[in-house]
Amino acid sequence: MPLSEHEQRLLDQIEQALYSEDPKWANTVRISDPRNHYKRRLVKASIGFVLGVVLLMVGVVAPLIPLGVGGFVVMLAACLWGLSSWKRMNGFGGDARQQGAPGQPERRRAARPGFMERMEERWRRRSDER
């Protein structure tokens, strides 16, 4: 739904106020690519994974079981966070899959009958031949 003229003017005024208050932040937000955000998250997840490995090793070398378990949990959380960021950065997120990314042709697998359907069809042919 498009904005009315009044709403558009208000939005322009708000943008101008933002630019005049903090031009550096406004410029960063305006030209920011979402993939850069996910790249930063990937770097943070990698650092978290390395931290988890260090905690795990310290927990194994010094007999501190809770520290080792905590390190493993940190590693697991960092992997999941990094994987989700990587998927979103490359367009494999849930929204992109369901709606299709703009500008990309929609690919569909050819509809093939499953194993059970093929077996049922063979059985029907066999019984029809008798």
# chains A, B, ... in the order shown; residues from 1 in each chain; ligands from 1
call {"tool": "select_by_dssp", "arguments": {"residues": "chain A", "states": "helix (DSSP H, G or I)", "output": "PyMOL selection string"}}
result
chain A and resi 5-21+23-31+34-61+65-89+94-99+115-129
call {"tool": "residues_around", "arguments": {"residues": "region 39-50 of chain A", "least_positions_apart": "2", "cutoff": "10 Å", "atoms": "only C-alpha atoms", "output": "list in words"}}
result
Pro34, Arg35, Asn36, His37, Gly52, Val53, Val54, Leu55, Leu56, Gly71, Phe72, Val73, Val74, Met75, Leu76, Ala77, Ala78, Cys79, Leu80, Trp81, Gly82, Leu83, Ser84, Ser85, Trp86 and Met89 of chain A
call {"tool": "write_last_selection", "arguments": {"atoms": "N, CA and C atoms", "output": "short mmCIF file (atom, residue, chain, number, x, y, z; two decimals), in the first residue's frame"}}
result
data_model
loop_
_atom_site.label_atom_id
_atom_site.label_comp_id
_atom_site.auth_asym_id
_atom_site.auth_seq_id
_atom_site.Cartn_x
_atom_site.Cartn_y
_atom_site.Cartn_z
N PRO A 34 22.58 -6.08 3.66
CA PRO A 34 22.30 -7.07 4.70
C PRO A 34 23.33 -8.20 4.75
N ARG A 35 23.96 -8.49 3.61
CA ARG A 35 24.97 -9.55 3.61
C ARG A 35 26.16 -9.19 4.49
N ASN A 36 26.48 -7.89 4.59
CA ASN A 36 27.57 -7.47 5.47
C ASN A 36 27.25 -7.80 6.92
N HIS A 37 25.99 -7.61 7.30
CA HIS A 37 25.55 -7.96 8.66
C HIS A 37 25.76 -9.44 8.93
N GLY A 52 34.94 -21.78 22.25
CA GLY A 52 34.38 -23.04 22.73
C GLY A 52 35.40 -24.17 22.70
N VAL A 53 36.23 -24.21 21.66
CA VAL A 53 37.27 -25.24 21.57
C VAL A 53 38.28 -25.05 22.71
N VAL A 54 38.65 -23.80 22.95
CA VAL A 54 39.61 -23.52 24.04
C VAL A 54 39.01 -23.96 25.38
N LEU A 55 37.76 -23.60 25.63
CA LEU A 55 37.11 -24.00 26.88
C LEU A 55 37.02 -25.51 27.00
N LEU A 56 36.70 -26.17 25.90
CA LEU A 56 36.62 -27.63 25.91
C LEU A 56 37.97 -28.25 26.24
N GLY A 71 32.16 -25.56 27.19
CA GLY A 71 32.86 -25.30 25.94
C GLY A 71 32.17 -25.96 24.76
N PHE A 72 31.70 -27.19 24.98
CA PHE A 72 30.99 -27.88 23.91
C PHE A 72 29.69 -27.16 23.56
N VAL A 73 28.99 -26.70 24.58
CA VAL A 73 27.73 -25.97 24.34
C VAL A 73 28.01 -24.68 23.58
N VAL A 74 29.09 -23.98 23.94
CA VAL A 74 29.45 -22.75 23.23
C VAL A 74 29.77 -23.07 21.77
N MET A 75 30.52 -24.15 21.54
CA MET A 75 30.84 -24.56 20.16
C MET A 75 29.58 -24.85 19.37
N LEU A 76 28.67 -25.60 19.97
CA LEU A 76 27.43 -25.97 19.29
C LEU A 76 26.59 -24.73 18.97
N ALA A 77 26.47 -23.83 19.94
CA ALA A 77 25.68 -22.61 19.71
C ALA A 77 26.32 -21.75 18.61
N ALA A 78 27.64 -21.66 18.62
CA ALA A 78 28.33 -20.86 17.60
C ALA A 78 28.14 -21.47 16.22
N CYS A 79 28.19 -22.81 16.15
CA CYS A 79 27.96 -23.47 14.85
C CYS A 79 26.55 -23.21 14.33
N LEU A 80 25.57 -23.33 15.19
CA LEU A 80 24.19 -23.10 14.76
C LEU A 80 23.97 -21.65 14.34
N TRP A 81 24.54 -20.72 15.09
CA TRP A 81 24.40 -19.31 14.77
C TRP A 81 25.10 -19.00 13.45
N GLY A 82 26.30 -19.54 13.27
CA GLY A 82 27.03 -19.30 12.03
C GLY A 82 26.34 -19.93 10.84
N LEU A 83 25.80 -21.12 11.02
CA LEU A 83 25.10 -21.80 9.92
C LEU A 83 23.85 -21.03 9.51
N SER A 84 23.11 -20.54 10.49
CA SER A 84 21.91 -19.77 10.13
C SER A 84 22.30 -18.47 9.42
N SER A 85 23.39 -17.84 9.85
CA SER A 85 23.84 -16.62 9.18
C SER A 85 24.30 -16.92 7.76
N TRP A 86 25.02 -18.01 7.60
CA TRP A 86 25.50 -18.39 6.27
C TRP A 86 24.34 -18.67 5.33
N MET A 89 22.71 -15.36 4.45
CA MET A 89 23.59 -14.56 3.60
C MET A 89 23.53 -15.06 2.16
#
call {"tool": "residues_around", "arguments": {"residues": "Val58 (chain A)", "least_positions_apart": "6", "cutoff": "8 Å", "atoms": "only C-alpha atoms", "output": "VMD selection string"}}
result
chain A and resid 64 67 to 68
call {"tool": "atom_distance", "arguments": {"atom1": "CA of Asn27 (chain A)", "atom2": "CA of Asp12 (chain A)"}}
result
15.2 Å
call {"tool": "decode", "arguments": {"residues": "region 17-29 of chain A", "atoms": "all heavy atoms", "output": "mmCIF file, in the first residue's frame"}}
result
data_model
loop_
_atom_site.group_PDB
_atom_site.id
_atom_site.type_symbol
_atom_site.label_atom_id
_atom_site.label_comp_id
_atom_site.auth_asym_id
_atom_site.auth_seq_id
_atom_site.Cartn_x
_atom_site.Cartn_y
_atom_site.Cartn_z
ATOM 1 N N ALA A 17 15.909 14.888 9.401
ATOM 2 C CA ALA A 17 16.322 15.100 10.790
ATOM 3 C C ALA A 17 17.389 14.086 11.190
ATOM 4 O O ALA A 17 18.364 14.426 11.879
ATOM 5 C CB ALA A 17 15.116 14.997 11.711
ATOM 6 N N LEU A 18 17.233 12.853 10.765
ATOM 7 C CA LEU A 18 18.242 11.834 11.057
ATOM 8 C C LEU A 18 19.577 12.188 10.408
ATOM 9 O O LEU A 18 20.632 12.066 11.037
ATOM 10 C CB LEU A 18 17.773 10.471 10.538
ATOM 11 C CG LEU A 18 17.075 9.559 11.515
ATOM 12 C CD1 LEU A 18 16.592 8.309 10.809
ATOM 13 C CD2 LEU A 18 17.969 9.193 12.663
ATOM 14 N N TYR A 19 19.544 12.594 9.160
ATOM 15 C CA TYR A 19 20.778 12.940 8.451
ATOM 16 C C TYR A 19 21.469 14.124 9.115
ATOM 17 O O TYR A 19 22.692 14.171 9.185
ATOM 18 C CB TYR A 19 20.505 13.239 6.982
ATOM 19 C CG TYR A 19 20.074 12.030 6.182
ATOM 20 C CD1 TYR A 19 19.126 12.142 5.180
ATOM 21 C CD2 TYR A 19 20.598 10.768 6.434
ATOM 22 C CE1 TYR A 19 18.731 11.037 4.448
ATOM 23 C CE2 TYR A 19 20.208 9.667 5.704
ATOM 24 C CZ TYR A 19 19.267 9.801 4.713
ATOM 25 O OH TYR A 19 18.875 8.710 3.994
ATOM 26 N N SER A 20 20.695 15.094 9.579
ATOM 27 C CA SER A 20 21.315 16.275 10.190
ATOM 28 C C SER A 20 21.862 15.960 11.583
ATOM 29 O O SER A 20 22.875 16.520 11.985
ATOM 30 C CB SER A 20 20.320 17.425 10.261
ATOM 31 O OG SER A 20 19.239 17.073 11.098
ATOM 32 N N GLU A 21 21.210 15.067 12.339
ATOM 33 C CA GLU A 21 21.678 14.712 13.685
ATOM 34 C C GLU A 21 22.960 13.904 13.646
ATOM 35 O O GLU A 21 23.916 14.207 14.350
ATOM 36 C CB GLU A 21 20.604 13.915 14.432
ATOM 37 C CG GLU A 21 19.553 14.752 15.080
ATOM 38 C CD GLU A 21 18.586 13.892 15.874
ATOM 39 O OE1 GLU A 21 18.989 12.859 16.421
ATOM 40 O OE2 GLU A 21 17.406 14.281 15.933
ATOM 41 N N ASP A 22 22.954 12.851 12.868
ATOM 42 C CA ASP A 22 24.114 11.953 12.832
ATOM 43 C C ASP A 22 24.347 11.490 11.406
ATOM 44 O O ASP A 22 23.898 10.414 11.008
ATOM 45 C CB ASP A 22 23.874 10.764 13.765
ATOM 46 C CG ASP A 22 25.134 9.989 14.047
ATOM 47 O OD1 ASP A 22 26.189 10.339 13.489
ATOM 48 O OD2 ASP A 22 25.080 9.027 14.833
ATOM 49 N N PRO A 23 25.049 12.256 10.610
ATOM 50 C CA PRO A 23 25.216 11.913 9.194
ATOM 51 C C PRO A 23 26.010 10.622 8.987
ATOM 52 O O PRO A 23 25.754 9.883 8.045
ATOM 53 C CB PRO A 23 25.937 13.108 8.596
ATOM 54 C CG PRO A 23 26.446 13.902 9.732
ATOM 55 C CD PRO A 23 25.672 13.530 10.938
ATOM 56 N N LYS A 24 26.979 10.358 9.866
ATOM 57 C CA LYS A 24 27.786 9.143 9.702
ATOM 58 C C LYS A 24 26.920 7.893 9.876
ATOM 59 O O LYS A 24 26.973 6.965 9.081
ATOM 60 C CB LYS A 24 28.924 9.144 10.720
ATOM 61 C CG LYS A 24 29.872 7.986 10.567
ATOM 62 C CD LYS A 24 30.997 8.069 11.569
ATOM 63 C CE LYS A 24 31.879 6.845 11.461
ATOM 64 N NZ LYS A 24 32.932 6.858 12.482
ATOM 65 N N TRP A 25 26.094 7.878 10.915
ATOM 66 C CA TRP A 25 25.221 6.729 11.158
ATOM 67 C C TRP A 25 24.191 6.598 10.039
ATOM 68 O O TRP A 25 23.921 5.498 9.559
ATOM 69 C CB TRP A 25 24.516 6.880 12.502
ATOM 70 C CG TRP A 25 23.619 5.732 12.800
ATOM 71 C CD1 TRP A 25 23.952 4.513 13.283
ATOM 72 C CD2 TRP A 25 22.193 5.700 12.601
ATOM 73 N NE1 TRP A 25 22.837 3.725 13.408
ATOM 74 C CE2 TRP A 25 21.746 4.432 12.988
ATOM 75 C CE3 TRP A 25 21.268 6.622 12.130
ATOM 76 C CZ2 TRP A 25 20.418 4.048 12.934
ATOM 77 C CZ3 TRP A 25 19.934 6.238 12.076
ATOM 78 C CH2 TRP A 25 19.527 4.977 12.473
ATOM 79 N N ALA A 26 23.618 7.697 9.615
ATOM 80 C CA ALA A 26 22.611 7.657 8.554
ATOM 81 C C ALA A 26 23.205 7.130 7.260
ATOM 82 O O ALA A 26 22.574 6.348 6.541
ATOM 83 C CB ALA A 26 22.013 9.041 8.346
ATOM 84 N N ASN A 27 24.435 7.527 6.958
ATOM 85 C CA ASN A 27 25.101 7.054 5.745
ATOM 86 C C ASN A 27 25.374 5.553 5.848
ATOM 87 O O ASN A 27 25.194 4.814 4.880
ATOM 88 C CB ASN A 27 26.393 7.833 5.516
ATOM 89 C CG ASN A 27 26.996 7.548 4.166
ATOM 90 O OD1 ASN A 27 26.280 7.227 3.225
ATOM 91 N ND2 ASN A 27 28.302 7.664 4.069
ATOM 92 N N THR A 28 25.791 5.111 7.013
ATOM 93 C CA THR A 28 26.055 3.680 7.211
ATOM 94 C C THR A 28 24.786 2.859 7.039
ATOM 95 O O THR A 28 24.795 1.816 6.395
ATOM 96 C CB THR A 28 26.640 3.437 8.617
ATOM 97 O OG1 THR A 28 27.816 4.213 8.767
ATOM 98 C CG2 THR A 28 26.963 1.976 8.827
ATOM 99 N N VAL A 29 23.701 3.329 7.600
ATOM 100 C CA VAL A 29 22.428 2.597 7.494
ATOM 101 C C VAL A 29 21.913 2.610 6.064
ATOM 102 O O VAL A 29 21.404 1.616 5.565
ATOM 103 C CB VAL A 29 21.387 3.197 8.464
ATOM 104 C CG1 VAL A 29 20.012 2.629 8.219
ATOM 105 C CG2 VAL A 29 21.817 2.964 9.890
#
